[in-house]
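To be precise, the following lines are coords_13.cif, and they hold mmCIF, C-alpha atoms and all ligand atoms.
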data_input
#
loop_
_atom_site.label_atom_id
_atom_site.label_comp_id
_atom_site.auth_asym_id
_atom_site.auth_seq_id
_atom_site.Cartn_x
_atom_site.Cartn_y
_atom_site.Cartn_z
CA MET A 21 0.00 0.00 0.00
CA SER A 22 1.40 3.41 -0.91
CA ASP A 23 1.47 6.19 1.70
CA THR A 24 -1.43 7.98 0.08
CA GLU A 25 -3.72 4.95 -0.09
CA GLN A 26 -4.55 5.45 3.57
CA PRO A 27 -8.10 6.68 4.05
CA VAL A 28 -7.86 10.34 4.97
CA SER A 29 -10.42 12.63 6.50
CA GLY A 30 -7.95 15.24 7.63
CA PRO A 31 -4.68 14.92 9.50
CA GLN A 32 -4.40 13.63 13.03
CA GLN A 33 -6.49 15.40 15.64
CA THR A 34 -4.53 17.23 18.27
CA ASP A 35 -5.92 18.75 21.48
CA PRO A 36 -9.62 19.61 21.32
CA VAL A 37 -10.46 23.26 20.72
CA HIS A 38 -12.12 25.04 23.67
CA ASP A 39 -11.98 28.58 22.36
CA TRP A 40 -12.04 29.09 18.60
CA THR A 41 -11.18 32.79 18.87
CA THR A 42 -7.82 32.27 20.59
CA ASP A 43 -6.94 28.65 19.78
CA TYR A 44 -8.44 27.74 16.41
CA ASP A 45 -7.38 24.55 14.63
CA ILE A 46 -8.24 24.00 10.99
CA TYR A 47 -7.29 20.34 11.43
CA ASP A 48 -9.95 19.78 14.10
CA ALA A 49 -12.08 16.84 12.86
CA GLU A 50 -15.34 18.78 13.04
CA TYR A 51 -13.84 21.73 11.21
CA VAL A 52 -12.57 19.42 8.46
CA ASN A 53 -16.02 17.88 8.08
CA ASP A 54 -17.84 21.21 8.07
CA PRO A 55 -16.07 24.49 8.88
CA THR A 56 -19.08 26.73 8.20
CA PRO A 57 -20.51 26.84 11.79
CA VAL A 58 -17.09 27.87 13.14
CA TRP A 59 -16.77 30.77 10.68
CA LYS A 60 -20.29 31.93 11.51
CA ASP A 61 -19.65 31.77 15.27
CA LEU A 62 -16.40 33.71 14.86
CA ARG A 63 -18.10 36.42 12.82
CA ASP A 64 -21.05 36.59 15.24
CA SER A 65 -18.68 36.68 18.23
CA GLY A 66 -17.36 40.07 17.17
CA CYS A 67 -13.89 38.51 16.84
CA PRO A 68 -13.83 37.60 13.16
CA MET A 69 -10.03 37.25 13.07
CA ALA A 70 -9.17 34.18 15.16
CA ARG A 71 -5.69 33.30 16.27
CA THR A 72 -3.78 30.27 17.45
CA ASP A 73 -0.35 29.42 18.79
CA ARG A 74 -0.61 25.79 17.78
CA ARG A 75 2.24 24.17 15.86
CA GLY A 76 4.89 26.44 17.18
CA ILE A 77 3.87 29.69 15.56
CA ARG A 78 1.15 32.29 15.94
CA SER A 79 -1.20 32.37 13.02
CA TRP A 80 -4.37 34.26 12.20
CA LEU A 81 -7.63 33.15 10.58
CA PRO A 82 -9.76 35.96 9.11
CA THR A 83 -13.39 35.07 8.40
CA LYS A 84 -14.75 38.31 6.84
CA PHE A 85 -14.76 38.74 3.08
CA ALA A 86 -13.53 42.33 3.32
CA ASP A 87 -10.66 41.35 5.65
CA VAL A 88 -9.41 38.53 3.41
CA GLN A 89 -9.50 40.82 0.38
CA ALA A 90 -7.67 43.58 2.27
CA LEU A 91 -5.01 41.16 3.58
CA ALA A 92 -4.39 39.86 0.04
CA LYS A 93 -3.38 43.41 -0.94
CA ILE A 94 -0.68 43.76 1.73
CA VAL A 95 2.25 42.76 -0.48
CA PRO A 96 5.12 42.11 0.10
CA GLU A 97 4.78 42.77 3.84
CA LEU A 98 2.56 39.68 3.95
CA SER A 99 4.72 37.43 1.82
CA ASN A 100 4.01 34.28 -0.19
CA LYS A 101 7.45 32.84 0.44
CA GLU A 102 5.84 30.24 2.73
CA PRO A 103 2.47 29.59 1.14
CA LEU A 104 1.79 26.46 3.20
CA VAL A 105 -0.74 26.78 5.99
CA ILE A 106 1.34 25.15 8.69
CA SER A 107 4.92 25.75 9.67
CA LEU A 108 7.59 23.43 8.45
CA PRO A 109 11.33 23.33 8.86
CA LYS A 110 13.00 25.63 6.33
CA ASP A 111 14.25 22.86 4.05
CA MET A 112 10.76 21.53 3.57
CA GLN A 113 8.99 24.65 2.42
CA PHE A 114 7.93 25.58 -1.08
CA GLY A 115 10.22 28.55 -0.74
CA ASP A 116 13.30 26.35 -0.56
CA GLN A 117 15.74 27.99 -2.97
CA THR A 118 16.71 24.77 -4.73
CA PHE A 119 13.17 23.68 -5.57
CA ASN A 120 10.56 26.36 -5.57
CA ALA A 121 7.14 26.81 -7.13
CA PRO A 122 6.90 30.24 -8.73
CA PRO A 123 4.80 32.32 -8.97
CA ILE A 124 3.01 31.07 -5.84
CA SER A 125 6.19 30.82 -3.77
CA SER A 126 7.48 34.24 -4.91
CA ASP A 127 6.89 37.87 -4.18
CA PRO A 128 7.34 40.57 -6.86
CA PRO A 129 9.41 41.02 -8.95
CA GLU A 130 9.95 37.26 -9.51
CA GLN A 131 6.23 36.60 -9.07
CA ILE A 132 5.44 39.02 -11.91
CA TRP A 133 7.69 37.62 -14.64
CA THR A 134 7.08 33.97 -13.77
CA ARG A 135 3.30 34.53 -13.74
CA ARG A 136 3.54 36.32 -17.08
CA MET A 137 5.26 33.25 -18.55
CA ILE A 138 2.35 30.91 -17.80
CA LEU A 139 -0.70 33.18 -18.24
CA PRO A 140 -1.02 32.87 -22.05
CA ALA A 141 -1.51 29.09 -21.85
CA PHE A 142 -4.42 29.60 -19.44
CA SER A 143 -6.45 32.23 -21.29
CA PRO A 144 -10.09 31.26 -21.97
CA LYS A 145 -9.25 30.67 -25.64
CA ALA A 146 -6.07 28.67 -24.96
CA VAL A 147 -7.71 26.29 -22.49
CA GLU A 148 -10.45 25.44 -25.00
CA LYS A 149 -8.01 23.18 -26.81
CA HIS A 150 -8.14 20.82 -23.78
CA ARG A 151 -11.95 20.47 -23.93
CA GLN A 152 -12.24 17.53 -26.31
CA TYR A 153 -9.54 15.58 -24.48
CA THR A 154 -11.42 16.18 -21.21
CA VAL A 155 -14.80 15.18 -22.70
CA ASP A 156 -13.34 11.92 -24.04
CA LEU A 157 -11.59 11.23 -20.76
CA CYS A 158 -14.77 11.77 -18.68
CA ASN A 159 -16.80 9.53 -20.98
CA SER A 160 -14.25 6.75 -20.84
CA LEU A 161 -14.12 6.93 -17.02
CA ILE A 162 -17.92 6.70 -16.87
CA ASP A 163 -17.88 3.77 -19.32
CA GLY A 164 -15.74 1.96 -16.75
CA PHE A 165 -18.37 2.01 -13.97
CA ILE A 166 -21.78 2.97 -15.37
CA ASP A 167 -23.00 -0.63 -15.67
CA ASN A 168 -22.17 -1.34 -12.03
CA GLY A 169 -24.84 1.09 -10.77
CA SER A 170 -22.35 2.47 -8.24
CA CYS A 171 -18.87 3.92 -7.92
CA ASP A 172 -16.73 6.06 -5.68
CA ALA A 173 -17.23 9.40 -7.42
CA ALA A 174 -14.11 10.86 -5.75
CA VAL A 175 -11.72 7.98 -6.40
CA ASP A 176 -13.05 6.55 -9.69
CA TYR A 177 -13.99 9.85 -11.30
CA ALA A 178 -13.08 13.28 -9.86
CA GLN A 179 -9.58 12.23 -8.83
CA GLN A 180 -8.83 10.77 -12.26
CA ILE A 181 -9.51 13.89 -14.30
CA PRO A 182 -7.11 16.75 -13.37
CA PRO A 183 -3.88 14.71 -13.33
CA ARG A 184 -4.59 13.44 -16.85
CA VAL A 185 -5.50 16.89 -18.16
CA ILE A 186 -2.32 18.37 -16.67
CA ALA A 187 -0.18 15.47 -17.91
CA ASN A 188 -1.63 15.95 -21.37
CA MET A 189 -0.99 19.70 -21.22
CA LEU A 190 2.58 19.42 -19.93
CA GLY A 191 3.43 16.60 -22.36
CA PHE A 192 3.87 13.84 -19.73
CA ASP A 193 2.87 10.21 -20.14
CA PRO A 194 -0.81 10.04 -19.03
CA ALA A 195 -0.08 6.55 -17.65
CA LYS A 196 1.80 8.35 -14.86
CA SER A 197 -1.34 10.18 -13.71
CA ASP A 198 -1.94 7.94 -10.70
CA ASP A 199 1.63 8.59 -9.63
CA PHE A 200 1.08 12.36 -9.92
CA THR A 201 -1.98 12.14 -7.67
CA GLU A 202 -0.07 10.11 -5.12
CA TRP A 203 2.86 12.53 -5.19
CA VAL A 204 0.71 15.64 -4.82
CA ARG A 205 -1.26 14.11 -1.94
CA GLY A 206 2.07 13.14 -0.43
CA VAL A 207 3.14 16.80 -0.45
CA LEU A 208 -0.10 18.63 0.28
CA GLU A 209 -2.17 16.20 2.33
CA LEU A 210 -0.37 13.49 4.32
CA GLY A 211 3.02 15.12 4.03
CA LEU A 212 1.81 18.26 5.77
CA PHE A 213 2.01 16.36 9.04
CA ASP A 214 4.72 13.90 8.24
CA PRO A 215 8.03 15.44 7.20
CA VAL A 216 9.37 12.07 6.03
CA ILE A 217 6.50 11.58 3.59
CA ARG A 218 6.69 15.19 2.50
CA VAL A 219 10.40 15.11 1.74
CA LYS A 220 10.03 11.76 0.00
CA TYR A 221 7.38 13.02 -2.42
CA ARG A 222 9.07 16.38 -2.98
CA GLU A 223 12.20 14.50 -4.00
CA ILE A 224 10.25 12.19 -6.33
CA ILE A 225 8.61 15.18 -8.03
CA ARG A 226 11.89 17.08 -8.23
CA GLU A 227 13.78 14.19 -9.83
CA PHE A 228 10.98 13.44 -12.27
CA LEU A 229 10.73 17.09 -13.37
CA ILE A 230 14.47 17.60 -13.65
CA ASP A 231 14.61 14.58 -16.01
CA GLU A 232 11.66 15.75 -18.10
CA VAL A 233 12.78 19.38 -18.37
CA SER A 234 16.47 18.60 -18.97
CA SER A 235 15.65 16.22 -21.80
CA ARG A 236 13.59 18.95 -23.50
CA TRP A 237 16.35 21.50 -22.92
CA GLU A 238 18.72 19.20 -24.82
CA ASN A 239 16.15 18.11 -27.44
CA PRO A 240 13.18 20.47 -27.70
CA ARG A 241 9.84 18.86 -28.55
CA ASP A 242 6.55 20.21 -29.76
CA ASP A 243 5.10 20.62 -26.28
CA TYR A 244 4.39 23.13 -23.52
CA LEU A 245 7.53 22.60 -21.42
CA SER A 246 9.73 23.12 -24.51
CA GLU A 247 7.71 26.27 -25.25
CA LEU A 248 8.39 27.60 -21.73
CA LEU A 249 12.11 26.81 -22.04
CA ALA A 250 12.30 28.72 -25.33
CA MET A 251 10.62 31.89 -24.04
CA ASP A 252 12.59 35.07 -24.40
CA VAL A 253 12.55 36.15 -20.75
CA PRO A 254 15.68 38.09 -19.71
CA GLU A 255 15.29 37.17 -16.02
CA MET A 256 15.36 33.44 -16.89
CA LYS A 257 18.60 33.50 -18.91
CA GLY A 258 21.13 30.98 -17.65
CA GLN A 259 18.66 29.25 -15.33
CA GLU A 260 16.06 28.00 -17.79
CA VAL A 261 15.89 24.42 -16.49
CA LYS A 262 15.57 25.52 -12.86
CA VAL A 263 12.82 28.04 -13.64
CA VAL A 264 10.79 25.66 -15.79
CA VAL A 265 11.16 22.84 -13.24
CA GLY A 266 9.72 25.26 -10.64
CA LEU A 267 6.82 26.28 -12.89
CA ALA A 268 6.00 22.67 -13.78
CA ASN A 269 6.17 21.79 -10.09
CA LEU A 270 3.54 24.41 -9.31
CA LEU A 271 1.30 23.46 -12.23
CA LEU A 272 1.31 19.85 -11.06
CA ILE A 273 0.69 20.78 -7.44
CA ALA A 274 -1.79 23.60 -8.01
CA GLY A 275 -3.85 21.89 -10.68
CA ILE A 276 -4.53 18.46 -9.27
CA ASP A 277 -6.22 18.19 -5.88
CA THR A 278 -7.78 21.66 -6.13
CA THR A 279 -9.81 20.79 -9.22
CA TRP A 280 -10.40 17.21 -8.11
CA SER A 281 -11.83 18.65 -4.86
CA SER A 282 -14.18 21.03 -6.66
CA ILE A 283 -15.46 18.35 -9.04
CA GLY A 284 -15.97 16.01 -6.08
CA SER A 285 -17.73 18.71 -4.03
CA GLY A 286 -20.10 19.36 -6.93
CA LEU A 287 -21.02 15.68 -7.21
CA TYR A 288 -21.31 15.47 -3.41
CA HIS A 289 -23.71 18.40 -3.39
CA PHE A 290 -25.96 17.10 -6.14
CA GLY A 291 -25.77 13.57 -4.69
CA THR A 292 -27.07 14.83 -1.34
CA HIS A 293 -29.52 17.52 -2.56
CA ALA A 294 -32.05 15.84 -4.82
CA ASP A 295 -33.97 19.08 -5.49
CA ASP A 296 -30.90 20.83 -6.89
CA ARG A 297 -29.92 17.70 -8.83
CA ARG A 298 -33.35 17.38 -10.46
CA ARG A 299 -33.45 21.07 -11.27
CA LEU A 300 -30.04 21.06 -12.93
CA ALA A 301 -30.74 17.77 -14.78
CA ALA A 302 -33.92 19.34 -16.20
CA ASP A 303 -32.31 22.64 -17.14
CA HIS A 304 -28.69 22.57 -18.27
CA SER A 305 -28.73 26.33 -18.85
CA LEU A 306 -28.18 26.55 -15.07
CA PHE A 307 -24.71 25.02 -15.31
CA PRO A 308 -22.73 28.29 -15.34
CA THR A 309 -24.34 29.71 -12.20
CA ALA A 310 -24.54 26.31 -10.48
CA LEU A 311 -20.81 25.66 -10.89
CA GLU A 312 -19.85 29.14 -9.65
CA GLU A 313 -22.04 28.48 -6.62
CA ILE A 314 -20.29 25.14 -5.98
CA LEU A 315 -16.98 27.01 -6.17
CA ARG A 316 -18.21 29.60 -3.68
CA PHE A 317 -19.87 27.29 -1.20
CA TYR A 318 -17.29 24.48 -1.24
CA SER A 319 -14.20 26.63 -1.96
CA PRO A 320 -11.30 24.23 -1.55
CA VAL A 321 -8.16 26.36 -1.21
CA THR A 322 -6.61 28.07 1.85
CA MET A 323 -3.11 29.55 1.52
CA ALA A 324 -0.81 31.24 3.99
CA ARG A 325 1.18 34.47 4.10
CA VAL A 326 4.03 35.23 6.47
CA ALA A 327 4.59 38.72 7.89
CA GLN A 328 7.99 40.16 6.94
CA GLU A 329 7.52 42.99 9.44
CA ASP A 330 4.91 44.05 11.99
CA VAL A 331 1.68 44.68 10.07
CA PRO A 332 -1.06 46.66 11.86
CA PHE A 333 -4.46 45.30 10.84
CA GLY A 334 -7.72 46.52 12.37
CA ASP A 335 -7.47 46.25 16.16
CA THR A 336 -4.48 44.01 16.05
CA VAL A 337 -0.88 43.75 14.87
CA ILE A 338 0.34 40.77 12.85
CA LYS A 339 3.87 40.53 14.15
CA GLU A 340 6.92 39.77 12.02
CA GLY A 341 7.19 36.00 11.44
CA GLU A 342 3.52 35.30 12.17
CA LYS A 343 1.29 33.67 9.59
CA VAL A 344 -2.07 34.65 8.19
CA LEU A 345 -4.28 32.03 6.58
CA MET A 346 -5.95 33.36 3.48
CA ASN A 347 -9.33 31.94 4.36
CA PHE A 348 -10.91 32.31 0.91
CA PRO A 349 -13.47 29.60 1.78
CA GLY A 350 -14.57 31.41 4.96
CA ALA A 351 -14.76 34.78 3.17
CA ASN A 352 -17.14 33.22 0.66
CA HIS A 353 -19.58 32.44 3.49
CA ASP A 354 -19.75 35.98 4.87
CA GLU A 355 -23.38 37.17 5.01
CA ASP A 356 -22.19 40.76 4.50
CA ALA A 357 -20.88 39.79 1.06
CA PHE A 358 -23.44 37.18 -0.04
CA GLU A 359 -27.15 37.08 0.58
CA ASP A 360 -28.12 33.69 2.05
CA ALA A 361 -24.42 32.83 2.18
CA GLY A 362 -25.16 29.60 4.06
CA LYS A 363 -27.34 28.22 1.26
CA VAL A 364 -26.41 26.79 -2.12
CA VAL A 365 -28.45 28.80 -4.63
CA ILE A 366 -27.77 27.26 -8.02
CA ASP A 367 -29.16 30.20 -9.97
CA ARG A 368 -27.32 32.85 -7.91
CA THR A 369 -26.51 35.59 -10.39
CA ARG A 370 -24.51 37.99 -8.19
CA ASN A 371 -21.62 35.81 -7.10
CA ARG A 372 -18.27 37.58 -6.87
CA HIS A 373 -16.66 34.80 -4.85
CA ILE A 374 -12.93 34.52 -4.20
CA ALA A 375 -12.51 30.73 -4.42
CA PHE A 376 -9.68 31.46 -6.87
CA GLY A 377 -8.07 33.92 -4.48
CA SER A 378 -7.72 37.67 -4.65
CA GLY A 379 -4.92 40.09 -5.48
CA ILE A 380 -1.67 39.43 -7.31
CA HIS A 381 -1.66 35.66 -6.68
CA ARG A 382 -5.19 35.08 -7.96
CA CYS A 383 -5.34 31.62 -9.55
CA ALA A 384 -3.60 31.60 -12.92
CA GLY A 385 -5.35 28.35 -13.89
CA SER A 386 -8.95 29.38 -13.18
CA ASN A 387 -10.08 29.06 -16.81
CA LEU A 388 -8.73 25.53 -17.03
CA ALA A 389 -10.24 24.66 -13.64
CA ARG A 390 -13.64 25.96 -14.77
CA LEU A 391 -13.41 24.03 -18.03
CA GLU A 392 -12.58 20.80 -16.20
CA MET A 393 -15.41 21.28 -13.71
CA ASP A 394 -17.87 22.10 -16.46
CA VAL A 395 -16.95 19.11 -18.60
CA ALA A 396 -16.71 16.68 -15.66
CA ILE A 397 -20.03 17.57 -14.02
CA ARG A 398 -21.93 18.16 -17.27
CA THR A 399 -20.77 14.83 -18.77
CA TRP A 400 -21.76 13.08 -15.54
CA PHE A 401 -25.25 14.65 -15.68
CA GLU A 402 -25.64 13.74 -19.36
CA ARG A 403 -24.76 10.11 -18.72
CA ILE A 404 -26.04 9.69 -15.14
CA PRO A 405 -28.81 12.22 -14.45
CA GLU A 406 -30.18 10.27 -11.49
CA PHE A 407 -27.76 9.54 -8.67
CA GLU A 408 -27.33 9.87 -4.93
CA VAL A 409 -24.65 9.50 -2.29
CA SER A 410 -25.30 5.96 -1.10
CA ASP A 411 -23.84 6.28 2.39
CA PRO A 412 -23.35 9.86 3.61
CA ASP A 413 -21.51 8.58 6.73
CA ALA A 414 -18.89 6.97 4.52
CA VAL A 415 -17.96 10.28 2.87
CA THR A 416 -14.53 11.51 4.01
CA TRP A 417 -13.06 14.97 3.53
CA ALA A 418 -9.50 16.14 3.26
CA GLY A 419 -8.97 19.40 5.08
CA GLY A 420 -6.25 21.96 5.60
CA GLN A 421 -4.62 23.37 2.50
CA VAL A 422 -7.16 21.91 0.06
CA ARG A 423 -10.58 20.69 1.21
CA GLY A 424 -12.63 18.19 -0.74
CA PRO A 425 -14.22 14.74 -0.62
CA ARG A 426 -11.77 11.85 -0.77
CA ARG A 427 -14.32 9.01 -0.44
CA LEU A 428 -17.69 9.54 -2.11
CA PRO A 429 -19.80 6.39 -2.54
CA MET A 430 -22.47 7.02 -5.14
CA LYS A 431 -25.34 4.88 -6.49
CA PHE A 432 -27.33 5.40 -9.66
C1 LIG B 1 -11.10 24.59 -8.74
C2 LIG B 1 -9.77 24.54 -8.87
C3 LIG B 1 -8.83 25.57 -8.36
C4 LIG B 1 -8.95 26.42 -7.30
C5 LIG B 1 -10.14 26.58 -6.35
C6 LIG B 1 -7.73 27.20 -7.23
C7 LIG B 1 -7.48 28.18 -6.28
C8 LIG B 1 -6.35 28.95 -6.23
C9 LIG B 1 -6.10 29.98 -5.25
C10 LIG B 1 -7.03 30.35 -4.10
C11 LIG B 1 -4.92 30.56 -5.55
C12 LIG B 1 -4.27 31.76 -4.82
C13 LIG B 1 -3.28 31.33 -3.80
C14 LIG B 1 -2.71 32.47 -3.00
O1 LIG B 1 -3.32 33.53 -2.88
O2 LIG B 1 -1.61 32.29 -2.44
C15 LIG B 1 -4.39 29.88 -6.70
C16 LIG B 1 -3.18 30.17 -7.30
C17 LIG B 1 -2.72 29.51 -8.41
N1 LIG B 1 -3.34 28.51 -9.12
FE1 LIG B 1 -5.15 27.71 -8.75
N2 LIG B 1 -6.89 26.81 -8.23
C18 LIG B 1 -7.53 25.83 -8.96
C19 LIG B 1 -7.04 25.17 -10.08
C20 LIG B 1 -5.87 25.48 -10.72
C21 LIG B 1 -5.39 24.85 -11.94
C22 LIG B 1 -6.15 23.82 -12.75
C23 LIG B 1 -4.17 25.41 -12.21
C24 LIG B 1 -3.24 25.15 -13.35
C25 LIG B 1 -2.95 23.99 -13.80
C26 LIG B 1 -3.90 26.39 -11.18
C27 LIG B 1 -2.78 27.18 -11.13
C28 LIG B 1 -2.54 28.16 -10.18
C29 LIG B 1 -1.35 28.98 -10.16
C30 LIG B 1 -0.20 28.91 -11.17
C31 LIG B 1 -1.44 29.82 -9.05
C32 LIG B 1 -0.42 30.83 -8.56
C33 LIG B 1 -0.66 32.20 -9.12
C34 LIG B 1 0.33 33.24 -8.58
O3 LIG B 1 0.92 33.01 -7.52
O4 LIG B 1 0.50 34.28 -9.22
N3 LIG B 1 -4.94 26.39 -10.29
N4 LIG B 1 -5.29 28.91 -7.10
#
How does the structure come out when it is put into structure tokens?
Ligand code: HEM
Amino acid sequence: MSDTEQPVSGPQQTDPVHDWTTDYDIYDAEYVNDPTPVWKDLRDSGCPMARTDRRGIRSWLPTKFADVQALAKIVPELSNKEPLVISLPKDMQFGDQTFNAPPISSDPPEQIWTRRMILPAFSPKAVEKHRQYTVDLCNSLIDGFIDNGSCDAAVDYAQQIPPRVIANMLGFDPAKSDDFTEWVRGVLELGLFDPVIRVKYREIIREFLIDEVSSRWENPRDDYLSELLAMDVPEMKGQEVKVVVGLANLLLIAGIDTTWSSIGSGLYHFGTHADDRRRLAADHSLFPTALEEILRFYSPVTMARVAQEDVPFGDTVIKEGEKVLMNFPGANHDEDAFEDAGKVVIDRTRNRHIAFGSGIHRCAGSNLARLEMDVAIRTWFERIPEFEVSDPDAVTWAGGQVRGPRRLPMKF
């Protein structure tokens, strides 16, 4: 059994939380299963910015939409050099100089030129060329289980899609997709709490990418990595392989369990809310608003910033070295920003959610993520319009950096 085959519903529980305002824990089992009551209580308590000293460092958890947006603008004082939500020894962070993940692990100016390198491949028009591949992939996955009348919609479906789309885009062998998923979970999920697992999977990814990028540096191919290596970017000169390894590292890490989580959350929602499922099955014109609402309500991604100096914020001061969790999911549940924030409204028209972040680090892959979600959930509805979660108690969620269902038994 590989490390990542263990059933996961969030990392190990530590001490129970008695006061969420001064000792929050995003790895608390109840928070992992459903964080929304905690955010609401924090906002209602008049202390919407919680803090904790757990895991050896003070960190802050804002829960108001306006606060998260404002914090995202405090750059570079609140830096992305350590984008992980918990503290790790220096040699295990994304920001490690020998193996980084720009632009997410960089501040300007490096963040600006590395982001510029990848943006063209993720424009709405550019991502369209991955649609047919994704449609065919989703259909072939469904072919594999439709006659059984049941499947695990997280493991057999949602989890299978993003690694293959990314492998196809980056020019990697799609047969390695299961490995990619295992590696990314090893870094972002299990490895968050187990330095041995984390280092192991970081090394595997690093070696794999160095091989792939170096071979294209020596013999360019007609693929995306070769295109990145050939870009005329003055800042990259002399370190092309290192820069492209870093970019590919981020695209693998950022594109896999995020999108898998959102596809899984969508299927979870419609598999547990028959009214919404029937409505969407009867009227596919609701897809655009329904998917944005899934992104808002089940936002998967929380990232961290680290203060480079004392940063006064509201009634408090975020001291140098302290962390702030960019609680995009919590912000998206703020009643001051969204009417009926606690309800999924599949025809919500005013929905300026920040599931893809806010400010200079806003998700560079959002158009690809939306395309994958649209194709995955639409194809499922076309082939399997009637379905339900067969055992809600058997559903497990990964929490922390990226939240989404990891076991999702479905019958149809
Ligand atoms: C539903 C799926 C996704 C969600 C919810 C999501 C969410 C996010 C969020 C919240 C950030 C900002 C992080 C921060 O502020 O530190 C981010 C950054 C990023 N995402 Fe995504 N993401 C998704 C899918 C993807 C995909 C498919 C790709 C590309 C393959 C991608 C590539 C990136 C990149 C490159 C950045 C860093 C941008 C920068 O630092 O300038 N993401 N994403």
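Near ligand LIG 1 (chain B), at distances of 6 Å or less and with all atoms listed in the file counted, sit the residues Pro123, Ile124, Arg135, Leu271, Ala274, Gly275, Thr278, Thr279, Ser282, Ser319, Pro320, Val321, Met323, Ala375, Phe376, Gly377, Ile380, His381, Arg382, Cys383, Ala384, Gly385, Ser386, Leu388 and Ala389 of chain A.
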Requested in this report: Mind checking which residues fall within 10 Å of A:Cys67, counting all atoms listed in the file, ignoring those fewer than 5 positions away in the same chain, and posting them as a ChimeraX atom specification?
Outcome: /A:40-42,61-62,82-83
Query - Neighbour residues at most 6 Å from (-23.6, 11.1, -1.4) (all atoms listed in the file) as a PyMOL selection string - result: chain A and resi 288+291-292+408-410+412+430
Requested in this report: Find the residues near stretch 173-177 of chain A: any atom within 7 Å, counting only C-alpha atoms, skip ones fewer than 5 places away on the same chain, and give them as a list in words.
Outcome: Leu161, Gly284, Pro425, Arg426, Arg427, Leu428, Pro429 and Met430 of chain A
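For A:Arg136, the set of protein, DNA and RNA residues having any atom at most 12 Å away, when counting all atoms listed in the file and skipping those fewer than 6 positions along the same chain, is Pro122, Pro123, Pro128, Pro129, Glu130, Phe142, Ser143, Leu248, Met251, Asp252, Val253, Glu255, Leu267, Ile380, His381 and Ala384 of chain A.
Distance annotation: of A:Phe401, A:Gly206, A:Ala187, A:Met256, the residue with the minimal separation from A:Glu232 is A:Ala187; atom set is all atoms listed in the file.
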Query raised in the report: Using only C-alpha atoms, which of A:Ile224, A:Ala141, A:Met69, A:Ile314 sits nearest A:Leu91?
Result: A:Met69
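When only C-alpha atoms are used to compute distances to A:Val207, the closest of the residues A:Glu329, A:Glu355, A:Glu402, A:Glu223 turns out to be A:Glu223.
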Query raised in the report: Could you name the residues that touch A:Thr201 at 8 Å or less, counting only C-alpha atoms, but leaving out those on the same chain fewer than 6 positions away, as an MDAnalysis selection string?
Result: chainID A and resid 179 183 276:277
Query raised in the report: Looking at all atoms listed in the file, which of A:Lys93, A:Arg205, A:Arg75, A:Lys196 is the one that sits closest to A:Phe333?
Result: A:Lys93
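Distance-wise, atom CA of A:Lys257 and atom CA of A:Asp127 end up 19.3 Å apart.
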